[in-house]
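Q: Let me begin by handing over the structure; questions about it come next.
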Amino acid sequence: MAATTKTENYKFNHSMLRVKDPKESVKFYKHLGMSLLQTLSFPEAKFDLYFLGYDSPGAVSHGKNIWDREGLIELTHNYGTESDPNYKINNGNVEPHRGFGHTCISVDNIQAACQRIEDAGYKFQKKLSDGKMRHIAFALDPDGYWVEIIGQKPVEETEEIKTTEVGTYRMNHTMLRVKDAEKSLKFYQEVMGMKLFRTHKAEQAGFNLYFLGYPGQKGVPGEGEGTSDREGLLELTWNYGTEKDEGFTYHDGNSEPQGFGHICVSVDNIEAACARFEELKVNWKKRLTDGRMKNVAFVLDPDGYWVEIVQNEAFSGKANF
């Protein structure tokens, strides 16, 4: 019988970011409450991978293998960048190289969480008190990537509480800017099997936000239900009118200057999943059979962002690496 694949088994596993100095970056994400779950070294290719995620007893994916999780951060370190004074990351938010926007954590007490980050000496792109939006902040990691901070409760309920428990945090979402919302929504829903959880329309500001994810055991949120308690969501940001500009493109993070690398979806059967993608006529960056690594594939989304496809070990029963 031919192998089959079901998109309801898929997980938005991780988002990959290139980093200059892994010691500093791992230290930062650990300060946000994440655990270093696994390190993969490829000395022959001169790079290391660091997988971080929330793993406290109350975490959504506590105790699972790394490919059976959602909401991980994969840090990629290419040997030598830490000692190169000219090496600088593209954080995805500076023209003309915009594309990837940010990762986002949700916290129990946004005021106390932001104060804790500031007390540790880390900088902010936007503090809670900056601008009109007093319910979100953006911290900066050591390479200048933006990390959005959102509260799991309304700010009014937590402003008098001075403590925060990192064991309650979630790696909530990853944001990508997209040129054509209709094409991107079609791709992530019909090809990748995600569901649209909610839409935020900021018509006066000229943009929409779309939050997608895999329903898993919790299912698709009902009307009025929040998504701050979730992990592994994808936020697509569409600025009105970009789809009408033929020459408009976003930076995919993999052409120079590099920064963000890819998002990754783990699947129940990688051969069957890739056969399905082939039938759907996806654009490939790397098929399973290409190159030396026969256990990963990369699909291109409508904006050219890379989507890594990897086997969920919970289904295969054997290690990927």
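By order in the structure tokens, chains are A, B, ...; within a chain, residues start at 1; ligands start at 1, following the order shown.
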Mind listing the strand (DSSP E) residues of stretch 15-72 of chain A, per DSSP on the backbone, as a list in words?

A: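 The strand (DSSP E) residues within stretch 15-72 of chain A come out as Ser15, Met16, Leu17, Arg18, Ser35, Leu36, Leu37, Gln38, Thr39, Leu40, Ser41, Phe42, Phe47, Asp48, Leu49, Tyr50, Phe51, Leu52, Gly53 and Leu72 of chain A.
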
Q: Residues of stretch 34-230 of chain A in helix (DSSP H, G or I) according to DSSP, as a ChimeraX atom specification?

A: /A:66-68,81-83,110-119,155-158,166-168,181-191

Q: Using only C-alpha atoms, tabulate the residues of stretch 107-127 of chain A lying at most 6 Å from any atom of stretch 140-162 of chain A, each with its closest atom pair and that distance in Å to one decimal, by chain and increasing residue number, as JSON lines.

A:
{"residue": "A:Val107", "atom": "CA", "partner": "A:Gly151", "partner_atom": "CA", "distance": 5.0}
{"residue": "A:Asp108", "atom": "CA", "partner": "A:Gln152", "partner_atom": "CA", "distance": 5.4}
{"residue": "A:Asn109", "atom": "CA", "partner": "A:Thr158", "partner_atom": "CA", "distance": 5.6}
{"residue": "A:Ile110", "atom": "CA", "partner": "A:Gly151", "partner_atom": "CA", "distance": 5.1}
{"residue": "A:Ala112", "atom": "CA", "partner": "A:Lys162", "partner_atom": "CA", "distance": 5.4}
{"residue": "A:Lys123", "atom": "CA", "partner": "A:Leu140", "partner_atom": "CA", "distance": 5.5}
{"residue": "A:Phe124", "atom": "CA", "partner": "A:Leu140", "partner_atom": "CA", "distance": 5.3}

Q: Which residues, written as a PyMOL selection string, have at least one atom at most 7 Å from A:Lys286, with only C-alpha atoms counted and residues fewer than 3 positions away on the same chain left out?

A: chain A and resi 290+297-299

Q: Give me, as a ChimeraX atom specification, all polymer residues having an atom no more than 10 Å from stretch 73-90 of chain A, counting only C-alpha atoms and skipping those fewer than 4 positions away in the same chain.

A: /A:13-26,29,34,36,38-43,45-54,94,97-100,103,142-145,171,174,251,253-254,256-264

Q: Residues within 9 Å of stretch 238-242 of chain A, please, as a PyMOL selection string. Count only C-alpha atoms; anything in the same chain fewer than 6 positions from it doesn't count.

A: chain A and resi 176-181+203+205-210+248-249

Q: Restricting the calculation to only C-alpha atoms: of A:Asn320, A:Leu234, A:Glu165, A:Gly291, which residue gets closest to A:Val307?

A: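 Comparing A:Asn320, A:Leu234, A:Glu165, A:Gly291 against A:Val307, the winner is A:Leu234.
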
Q: Could you tell me how far atom CA of A:Ser316 lies from atom CA of A:Leu280, in Å and to one decimal?

A: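 Result for atom CA of A:Ser316 versus atom CA of A:Leu280: 23.9 Å, one decimal.
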
Q: Just to confirm, what's the straight-line distance from atom CA of A:Gly121 to atom CA of A:Ile136 in Å (one decimal)?

A: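 Interatomic distance here is 19.1 Å.
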
Q: Counting only C-alpha atoms, which of A:Arg69, A:Phe28, A:Gly92, A:Tyr305 gets nearest to A:Glu118?

A: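 The answer is A:Phe28, which sits nearest to A:Glu118.
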
Q: Provide the atom CA of A:Glu182 to atom CA of A:Thr7 distance in Å, to one decimal place.

A: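 Between atom CA of A:Glu182 and atom CA of A:Thr7 the gap works out to 20.4 Å.
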
Q: Rank A:Ser35, A:Phe138, A:Glu231, A:Met192 by their smallest atom-to-atom distance to A:Val282, using only C-alpha atoms, and report the top residue only.

A: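 Comparing A:Ser35, A:Phe138, A:Glu231, A:Met192 against A:Val282, the winner is A:Met192.
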
Q: May I have the residues within 9 Å of A:Leu288 as a PyMOL selection string, using only C-alpha atoms and disregarding those fewer than 4 positions away in the same chain?

A: chain A and resi 270-271+274+293-298

Q: Print the selection's residues with N, CA, C and O atoms to a file, as an mmCIF file, in the first residue's frame.

A:
data_model
loop_
_atom_site.group_PDB
_atom_site.id
_atom_site.type_symbol
_atom_site.label_atom_id
_atom_site.label_comp_id
_atom_site.auth_asym_id
_atom_site.auth_seq_id
_atom_site.Cartn_x
_atom_site.Cartn_y
_atom_site.Cartn_z
ATOM 1 N N ILE A 270 7.499 11.954 5.102
ATOM 2 C CA ILE A 270 8.128 12.969 4.247
ATOM 3 C C ILE A 270 8.090 12.590 2.762
ATOM 4 O O ILE A 270 7.892 13.465 1.911
ATOM 5 N N GLU A 271 8.210 11.308 2.453
ATOM 6 C CA GLU A 271 8.146 10.904 1.039
ATOM 7 C C GLU A 271 6.745 11.154 0.472
ATOM 8 O O GLU A 271 6.593 11.700 -0.629
ATOM 9 N N CYS A 274 6.086 14.959 0.154
ATOM 10 C CA CYS A 274 6.756 15.557 -1.003
ATOM 11 C C CYS A 274 6.100 15.117 -2.312
ATOM 12 O O CYS A 274 6.031 15.899 -3.268
ATOM 13 N N MET A 293 21.868 15.962 1.454
ATOM 14 C CA MET A 293 20.908 15.722 2.539
ATOM 15 C C MET A 293 19.598 15.193 1.956
ATOM 16 O O MET A 293 18.797 15.952 1.414
ATOM 17 N N LYS A 294 19.399 13.874 2.079
ATOM 18 C CA LYS A 294 18.227 13.225 1.485
ATOM 19 C C LYS A 294 17.042 13.162 2.448
ATOM 20 O O LYS A 294 16.053 12.491 2.170
ATOM 21 N N ASN A 295 17.160 13.837 3.595
ATOM 22 C CA ASN A 295 16.086 13.768 4.598
ATOM 23 C C ASN A 295 15.392 15.103 4.824
ATOM 24 O O ASN A 295 14.589 15.231 5.735
ATOM 25 N N VAL A 296 15.701 16.109 4.026
ATOM 26 C CA VAL A 296 14.997 17.392 4.097
ATOM 27 C C VAL A 296 14.716 17.892 2.683
ATOM 28 O O VAL A 296 15.461 17.596 1.744
ATOM 29 N N ALA A 297 13.616 18.623 2.558
ATOM 30 C CA ALA A 297 13.271 19.269 1.298
ATOM 31 C C ALA A 297 12.912 20.715 1.590
ATOM 32 O O ALA A 297 12.621 21.080 2.736
ATOM 33 N N PHE A 298 12.921 21.539 0.547
ATOM 34 C CA PHE A 298 12.540 22.946 0.700
ATOM 35 C C PHE A 298 11.601 23.343 -0.430
ATOM 36 O O PHE A 298 11.939 23.206 -1.612
#

Q: What's the 10 Å shell around A:Asn312, counting only C-alpha atoms, without same-chain residues fewer than 3 positions away, as a VMD selection string?

A: chain A and resid 9 to 11 13 65 to 69 265 to 270 309 315 to 320
